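Enquirer: Got a structure here, written out as structure tokens. Questions coming.
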Amino acid sequence: MKMTLLTVGKTDKGWIREGLEIYMSRLKHYVPFQMIEIPELKNVSALTREQIKAREGELILKNVQPSDELVLLDERGRIYSSTELAGMLQDKMARSGRDMVFVIGGAYGFSDEVYRRAGSMLSLSKMTFSHQMVRVIFAEQIYRAFTIMRGEPYHHE
């Protein structure tokens with residue numbers, strides 16, 4: 001099983017890229033983990049939000065295999081504590097063994113096609129974070145989940 005973080009847009013802030021690299025390098029000790037960045041659409045000023053979501057949705061779905069477990073990071077998703085997230089991941093890994101693809105969408109969210117394809121949605125908080133910052137927060141939480149699963153002393157309750 002491997003995990004992929006699929007994002008719309010490049011990580012363009014150096015300090016965010018540094019944080020991502022820290023947690024991605026740590027994650028590789030637990031699971032094959034990669035990040036795929038879909039370039040932002042260009043010349044979209046004449047497009048509606050729905051058209052933008054549809055085009056981004058096509059690009060997202062091109063990066064998802066039929067056998068992948070697709071999880072959307074979405075404000076309407078379920079909010080987990082860190083230990084609950086670890087339990088959910090452990091359960092999914094034990095039951096399905098499918099590769100997991102987590103998606104951070106564009107500024108307007110996901111197309112209906114992407115929502116239909118998704119197996120689940122999760123929210124990192126009731127607060128709103130920039131799409132750039134969510135990358136680091138999510139990577140840290142996945143790393144934390146694996147340390148919880150292994151009983152390692154990173155997470156404190």
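By order in the structure tokens, chains are A, B, ...; within a chain, residues start at 1; ligands start at 1, following the order shown.
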Give me the residues near segment 125-137 of chain A as a list in words, where near means some atom within 6 Å (using only C-alpha atoms) and where sequence neighbours in that chain fewer than 2 positions away do not count.

Expert: Gly19, Leu20, Ser123, Ala139 and Glu140 of chain A

Enquirer: Save the residues we just selected, C-alpha atoms, as a PDB file, in the first residue's frame?

Expert:
```
ATOM      1  CA  GLY A  19       7.947  21.736   6.170  1.00  0.00           C
ATOM      2  CA  LEU A  20       6.540  19.321   3.609  1.00  0.00           C
ATOM      3  CA  SER A 123     -11.686  17.936   7.378  1.00  0.00           C
ATOM      4  CA  ALA A 139       1.546  15.651   6.145  1.00  0.00           C
ATOM      5  CA  GLU A 140       2.276  16.232   9.837  1.00  0.00           C
TER       6      GLU A 140
END
```

Enquirer: Which polymer residues have any atom within 9 Å of an atom of segment 38-40 of chain A, counting only C-alpha atoms, with same-chain residues fewer than 5 positions away left out, as a list of chain:residue names?

Expert: A:Leu6, A:Thr7, A:Val8, A:Gly9, A:Lys10, A:Glu56, A:Leu59, A:Ile60, A:Gly106

Enquirer: Take the residues that were just selected and, keeping C-alpha atoms, output them as an mmCIF file, in the first residue's frame.

Expert:
```cif
data_model
loop_
_atom_site.group_PDB
_atom_site.id
_atom_site.type_symbol
_atom_site.label_atom_id
_atom_site.label_comp_id
_atom_site.auth_asym_id
_atom_site.auth_seq_id
_atom_site.Cartn_x
_atom_site.Cartn_y
_atom_site.Cartn_z
ATOM 1 C CA LEU A 6 -2.601 15.054 -4.742
ATOM 2 C CA THR A 7 -2.825 18.840 -4.827
ATOM 3 C CA VAL A 8 -4.118 21.441 -7.241
ATOM 4 C CA GLY A 9 -1.416 24.067 -7.614
ATOM 5 C CA LYS A 10 2.287 24.105 -6.873
ATOM 6 C CA GLU A 56 -9.602 20.578 -12.228
ATOM 7 C CA LEU A 59 -7.043 16.474 -13.951
ATOM 8 C CA ILE A 60 -7.574 15.042 -10.476
ATOM 9 C CA GLY A 106 -8.488 24.131 -5.847
#
```

Enquirer: When DSSP works through the backbone of this structure, what residues of segment 32-117 of chain A end up as helix (DSSP H, G or I), shown as number ranges by chain?

Expert: A: 49-62, 82-95, 112-117

Enquirer: Would you mind exporting C-alpha atoms of the selected residues as an mmCIF file, in the first residue's frame?

Expert:
```
data_model
loop_
_atom_site.group_PDB
_atom_site.id
_atom_site.type_symbol
_atom_site.label_atom_id
_atom_site.label_comp_id
_atom_site.auth_asym_id
_atom_site.auth_seq_id
_atom_site.Cartn_x
_atom_site.Cartn_y
_atom_site.Cartn_z
ATOM 1 C CA ARG A 49 -16.420 28.456 -10.860
ATOM 2 C CA GLU A 50 -18.216 25.312 -12.032
ATOM 3 C CA GLN A 51 -16.146 25.199 -15.233
ATOM 4 C CA ILE A 52 -12.941 25.603 -13.227
ATOM 5 C CA LYS A 53 -13.985 22.809 -10.838
ATOM 6 C CA ALA A 54 -14.886 20.578 -13.791
ATOM 7 C CA ARG A 55 -11.496 21.077 -15.476
ATOM 8 C CA GLU A 56 -9.602 20.578 -12.228
ATOM 9 C CA GLY A 57 -11.755 17.511 -11.565
ATOM 10 C CA GLU A 58 -10.707 15.962 -14.867
ATOM 11 C CA LEU A 59 -7.043 16.474 -13.951
ATOM 12 C CA ILE A 60 -7.574 15.042 -10.476
ATOM 13 C CA LEU A 61 -9.329 11.932 -11.781
ATOM 14 C CA LYS A 62 -6.576 11.336 -14.360
ATOM 15 C CA SER A 82 -5.213 12.558 15.809
ATOM 16 C CA THR A 83 -5.823 9.186 17.482
ATOM 17 C CA GLU A 84 -9.083 8.714 15.547
ATOM 18 C CA LEU A 85 -7.257 9.470 12.297
ATOM 19 C CA ALA A 86 -4.639 6.867 13.191
ATOM 20 C CA GLY A 87 -7.396 4.329 13.861
ATOM 21 C CA MET A 88 -9.175 5.129 10.596
ATOM 22 C CA LEU A 89 -5.952 4.751 8.607
ATOM 23 C CA GLN A 90 -5.046 1.532 10.376
ATOM 24 C CA ASP A 91 -8.506 0.131 9.683
ATOM 25 C CA LYS A 92 -8.411 1.083 5.992
ATOM 26 C CA MET A 93 -4.919 -0.365 5.604
ATOM 27 C CA ALA A 94 -5.912 -3.631 7.299
ATOM 28 C CA ARG A 95 -9.227 -4.073 5.499
ATOM 29 C CA ASP A 112 -19.467 16.665 -8.677
ATOM 30 C CA GLU A 113 -17.559 13.908 -10.516
ATOM 31 C CA VAL A 114 -14.753 14.007 -7.954
ATOM 32 C CA TYR A 115 -17.238 13.941 -5.061
ATOM 33 C CA ARG A 116 -18.961 10.906 -6.612
ATOM 34 C CA ARG A 117 -15.643 9.063 -7.028
#
```

Enquirer: Take atom CA of Leu124 of chain A and atom CA of Leu41 of chain A and report the distance between them in Å, one decimal.

Expert: 25.2 Å

Enquirer: Measuring between only C-alpha atoms, which one of A:Tyr80, A:Trp15, A:Tyr143, A:Phe102 shows the shortest distance to Val31 of chain A?

Expert: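 For Val31 of chain A, the nearest of the candidates is A:Tyr143.
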
Enquirer: Which polymer residues have any atom within 7 Å of an atom of Ser67 of chain A, counting only C-alpha atoms, with same-chain residues fewer than 2 positions away left out, as JSON, numbers by chain?

Expert: {"A": [65, 69, 98]}

Enquirer: May I ask for the distance between atom CA of Leu72 of chain A and atom CA of Ser120 of chain A, given in Å to one decimal place?

Expert: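 Separation of atom CA of Leu72 of chain A and atom CA of Ser120 of chain A: 6.5 Å.
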
Enquirer: For Met121 of chain A, please output as a list in words all residues within 10 Å (counting only C-alpha atoms; exclusion window: fewer than 2 positions along the same chain).

Expert: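 The neighbour list is Leu70, Val71, Leu72, Leu73, Asp74, Glu75, Arg76, Gly77, Arg78, Ile79, Phe102, Val103, Tyr115, Ala118, Gly119 and Ser123 of chain A.
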
Enquirer: Separation of atom CA of Glu152 of chain A and atom CA of Ile104 of chain A, in Å?

Expert: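 Atom CA of Ile104 of chain A lies at a distance of 27.8 Å from atom CA of Glu152 of chain A.
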
Enquirer: Apply DSSP to the backbone of this structure and, from segment 47-113 of chain A, keep only the residues in strand (DSSP E or B); write these as a list of chain:residue names.

Expert: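 Of segment 47-113 of chain A, only A:Glu69, A:Leu70, A:Val71, A:Leu72, A:Leu73, A:Asp74, A:Glu75, A:Arg76, A:Gly77, A:Arg78, A:Ile79, A:Met100, A:Val101, A:Phe102, A:Val103, A:Ile104, A:Gly106, A:Gly109 fall in strand (DSSP E or B).
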
Enquirer: Please, could you write that set of residues out with N, CA and C atoms as a short mmCIF file (atom, residue, chain, number, x, y, z; two decimals), in the first residue's frame?

Expert:
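This went into result_22.cif:
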```cif
data_model
loop_
_atom_site.label_atom_id
_atom_site.label_comp_id
_atom_site.auth_asym_id
_atom_site.auth_seq_id
_atom_site.Cartn_x
_atom_site.Cartn_y
_atom_site.Cartn_z
N GLU A 69 -8.20 4.14 -3.15
CA GLU A 69 -9.12 4.69 -2.17
C GLU A 69 -8.95 6.20 -2.21
N LEU A 70 -9.98 6.93 -2.61
CA LEU A 70 -9.90 8.38 -2.78
C LEU A 70 -10.52 9.08 -1.57
N VAL A 71 -9.72 9.92 -0.93
CA VAL A 71 -10.16 10.66 0.26
C VAL A 71 -9.97 12.14 -0.03
N LEU A 72 -11.05 12.90 0.07
CA LEU A 72 -10.99 14.33 -0.20
C LEU A 72 -10.80 15.10 1.11
N LEU A 73 -9.90 16.07 1.09
CA LEU A 73 -9.78 16.99 2.21
C LEU A 73 -10.76 18.12 1.91
N ASP A 74 -11.83 18.15 2.67
CA ASP A 74 -12.96 19.00 2.35
C ASP A 74 -13.55 19.54 3.65
N GLU A 75 -13.96 20.79 3.62
CA GLU A 75 -14.51 21.41 4.83
C GLU A 75 -15.76 20.70 5.34
N ARG A 76 -16.45 19.96 4.49
CA ARG A 76 -17.64 19.21 4.90
C ARG A 76 -17.32 17.79 5.34
N GLY A 77 -16.04 17.44 5.34
CA GLY A 77 -15.64 16.10 5.72
C GLY A 77 -15.68 15.88 7.23
N ARG A 78 -15.45 14.66 7.61
CA ARG A 78 -15.44 14.30 9.03
C ARG A 78 -14.18 14.85 9.70
N ILE A 79 -14.35 15.37 10.89
CA ILE A 79 -13.21 15.85 11.68
C ILE A 79 -12.81 14.73 12.64
N MET A 100 -3.95 4.70 -1.14
CA MET A 100 -4.79 5.81 -0.72
C MET A 100 -4.32 7.09 -1.38
N VAL A 101 -5.26 7.83 -1.94
CA VAL A 101 -4.97 9.12 -2.56
C VAL A 101 -5.81 10.16 -1.82
N PHE A 102 -5.11 11.10 -1.18
CA PHE A 102 -5.74 12.22 -0.49
C PHE A 102 -5.63 13.43 -1.40
N VAL A 103 -6.73 14.18 -1.54
CA VAL A 103 -6.74 15.28 -2.49
C VAL A 103 -7.06 16.61 -1.80
N ILE A 104 -6.20 17.59 -2.07
CA ILE A 104 -6.47 18.98 -1.71
C ILE A 104 -6.84 19.67 -3.01
N GLY A 106 -8.75 22.74 -5.54
CA GLY A 106 -8.49 24.13 -5.85
C GLY A 106 -9.31 25.06 -4.96
N GLY A 109 -13.09 24.21 -4.53
CA GLY A 109 -13.51 22.87 -4.13
C GLY A 109 -13.45 21.88 -5.27
#
```

Enquirer: Would you please work out which residue, of A:Ser45, A:Pro153, A:Leu27, A:Met35, is nearest to Asn63 of chain A when using only C-alpha atoms?

Expert: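 Among the listed residues, A:Met35 lies closest to Asn63 of chain A.
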